[in-house]
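Peer 1: This is the structure I have questions about; it appears just below.
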Amino acid sequence: MIIVTGSVTARPETFEALRQASLDHVLRSRTEPGCISHSVQVDCENPLRLFFFERWEDMAALRTHFIQPGSIAFIAAVRDLAAASESISMYEASPAG
(Lines give C-alpha, C1' and ligand atoms only; values in the text may rest on other atoms or scores of the structure.)
Protein backbone atom coordinates (compact mmCIF):
# COMPACT_ATOMS: atom_id res chain seq x y z
CA MET A 1 0.00 0.00 0.00
CA ILE A 2 1.16 3.55 -0.74
CA ILE A 3 0.28 6.34 1.71
CA VAL A 4 0.38 9.92 0.45
CA THR A 5 0.21 13.08 2.55
CA GLY A 6 0.35 16.70 1.53
CA SER A 7 -1.03 20.09 2.32
CA VAL A 8 -1.85 23.37 0.70
CA THR A 9 -2.48 26.76 2.29
CA ALA A 10 -4.99 29.14 0.73
CA ARG A 11 -5.04 32.89 0.73
CA PRO A 12 -7.98 34.20 2.79
CA GLU A 13 -9.84 35.32 -0.32
CA THR A 14 -9.32 31.97 -2.11
CA PHE A 15 -9.99 29.56 0.75
CA GLU A 16 -13.55 28.64 -0.21
CA ALA A 17 -12.66 28.06 -3.87
CA LEU A 18 -9.63 25.95 -2.89
CA ARG A 19 -11.68 23.98 -0.35
CA GLN A 20 -14.30 23.19 -3.00
CA ALA A 21 -11.69 22.26 -5.61
CA SER A 22 -10.03 19.99 -3.04
CA LEU A 23 -13.29 18.32 -2.08
CA ASP A 24 -14.18 17.78 -5.75
CA HIS A 25 -10.73 16.26 -6.31
CA VAL A 26 -11.11 13.93 -3.33
CA LEU A 27 -14.57 12.74 -4.35
CA ARG A 28 -13.39 12.09 -7.93
CA SER A 29 -10.22 10.35 -6.78
CA ARG A 30 -12.17 7.92 -4.60
CA THR A 31 -13.73 6.44 -7.76
CA GLU A 32 -10.37 5.61 -9.35
CA PRO A 33 -9.10 2.03 -9.52
CA GLY A 34 -6.64 1.33 -6.72
CA CYS A 35 -7.83 4.12 -4.41
CA ILE A 36 -8.35 2.72 -0.90
CA SER A 37 -9.10 6.09 0.69
CA HIS A 38 -8.68 9.77 -0.12
CA SER A 39 -9.54 12.66 2.20
CA VAL A 40 -8.99 16.33 2.87
CA GLN A 41 -9.30 18.09 6.23
CA VAL A 42 -9.04 21.66 7.46
CA ASP A 43 -6.10 22.12 9.84
CA CYS A 44 -7.28 23.06 13.37
CA GLU A 45 -4.14 25.14 13.96
CA ASN A 46 -4.25 26.99 10.64
CA PRO A 47 -7.77 27.27 9.21
CA LEU A 48 -6.41 28.27 5.79
CA ARG A 49 -4.43 25.00 5.47
CA LEU A 50 -5.92 21.88 3.90
CA PHE A 51 -4.32 18.50 4.66
CA PHE A 52 -4.62 15.50 2.34
CA PHE A 53 -4.35 11.84 3.34
CA GLU A 54 -4.52 9.12 0.70
CA ARG A 55 -4.06 5.34 0.56
CA TRP A 56 -3.47 3.56 -2.76
CA GLU A 57 -3.17 -0.16 -3.51
CA ASP A 58 0.18 0.27 -5.25
CA MET A 59 2.47 2.73 -7.01
CA ALA A 60 0.97 1.91 -10.42
CA ALA A 61 -2.47 3.09 -9.23
CA LEU A 62 -0.95 6.27 -7.81
CA ARG A 63 0.96 7.01 -11.02
CA THR A 64 -2.25 6.57 -12.99
CA HIS A 65 -4.01 8.93 -10.56
CA PHE A 66 -1.42 11.66 -11.15
CA ILE A 67 -1.96 11.66 -14.94
CA GLN A 68 -5.77 11.78 -14.83
CA PRO A 69 -7.18 14.96 -16.42
CA GLY A 70 -8.96 15.76 -13.14
CA SER A 71 -5.70 15.54 -11.17
CA ILE A 72 -3.91 17.75 -13.67
CA ALA A 73 -6.73 20.31 -13.47
CA PHE A 74 -6.61 20.19 -9.67
CA ILE A 75 -2.87 20.92 -9.62
CA ALA A 76 -3.52 23.92 -11.91
CA ALA A 77 -6.23 25.15 -9.51
CA VAL A 78 -3.84 24.79 -6.56
CA ARG A 79 -1.25 26.89 -8.39
CA ASP A 80 -3.86 29.61 -8.96
CA LEU A 81 -5.49 29.57 -5.51
CA ALA A 82 -2.80 28.65 -3.00
CA ALA A 83 -0.51 30.88 -0.98
CA ALA A 84 1.78 27.89 -0.33
CA SER A 85 1.92 24.22 -1.19
CA GLU A 86 3.84 21.66 0.83
CA SER A 87 5.60 18.91 -1.04
CA ILE A 88 3.83 15.58 -1.26
CA SER A 89 5.18 12.76 0.90
CA MET A 90 4.80 9.12 -0.12
CA TYR A 91 5.31 6.04 2.04
CA GLU A 92 5.16 2.36 1.28
CA ALA A 93 3.39 0.50 4.08
CA SER A 94 1.80 -2.77 4.98
CA PRO A 95 -0.67 -3.50 7.76
CA ALA A 96 0.96 -4.42 11.08
CA GLY A 97 -0.19 -7.62 12.73
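Numbering starts fresh at 1 for the residues of each chain in the C-alpha coordinates, the chains themselves are lettered A, B, ... in the order given, and ligands are numbered from 1 as they appear.
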Would you kindly return, as an NGL selection string, each protein, DNA or RNA residue with an atom no farther than 9 Å from any atom of segment 15-27 of chain A, considering only C-alpha atoms and excluding same-chain residues fewer than 2 positions away?
Peer 2: :A and (8-13 or 29-31 or 38-40 or 42 or 48-50 or 52 or 70-71 or 74 or 77-78 or 81-82)
Peer 1: Give the strand (DSSP E) residues of chain A, as assigned by DSSP on the backbone, as JSON, numbers by chain.
Peer 2: {"A": [2, 3, 4, 5, 6, 7, 8, 9, 10, 35, 36, 37, 38, 39, 40, 41, 42, 49, 50, 51, 52, 53, 54, 55, 56, 82, 83, 84, 85, 89, 90, 91, 92]}
Peer 1: I need the residues in chain A that are alpha helix (DSSP H) according to DSSP; give them as a ChimeraX atom specification.
Peer 2: /A:15-29,59-66,69-81
Peer 1: Between A:Ala96, A:Cys35, A:Ala76, A:Cys44, which residue has the minimum interatomic distance to Thr64 of chain A, considering only C-alpha atoms?
Peer 2: A:Cys35
Peer 1: Find the residues near Gly34 of chain A: any atom within 8 Å, counting only C-alpha atoms, skip ones fewer than 2 places away on the same chain, and give them as a list in words.
Peer 2: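 Returned residues: Glu32, Ile36, Trp56, Glu57, Asp58, Ala61 and Leu62 of chain A.
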Peer 1: Counting only C-alpha atoms, which of A:Pro95, A:Ser37, A:Arg79, A:Arg28 gets nearest to Val4 of chain A?
Peer 2: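 Selected residue with least distance to Val4 of chain A: A:Ser37.
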Peer 1: Between atom CA of Ser87 of chain A and atom CA of Glu54 of chain A, what is the distance, to one decimal in Å?
Peer 2: 14.2 Å
Peer 1: Please measure the separation of atom CA of Asn46 of chain A and atom CA of Ala93 of chain A, giving the value in Å to one decimal.
Peer 2: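 That distance, rounded to one decimal, is 28.3 Å.
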Peer 1: Please, what distance in Å, to one decimal, runs between atom CA of Thr14 of chain A and atom CA of Ile75 of chain A?
Peer 2: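 Those two atoms sit 14.8 Å apart.
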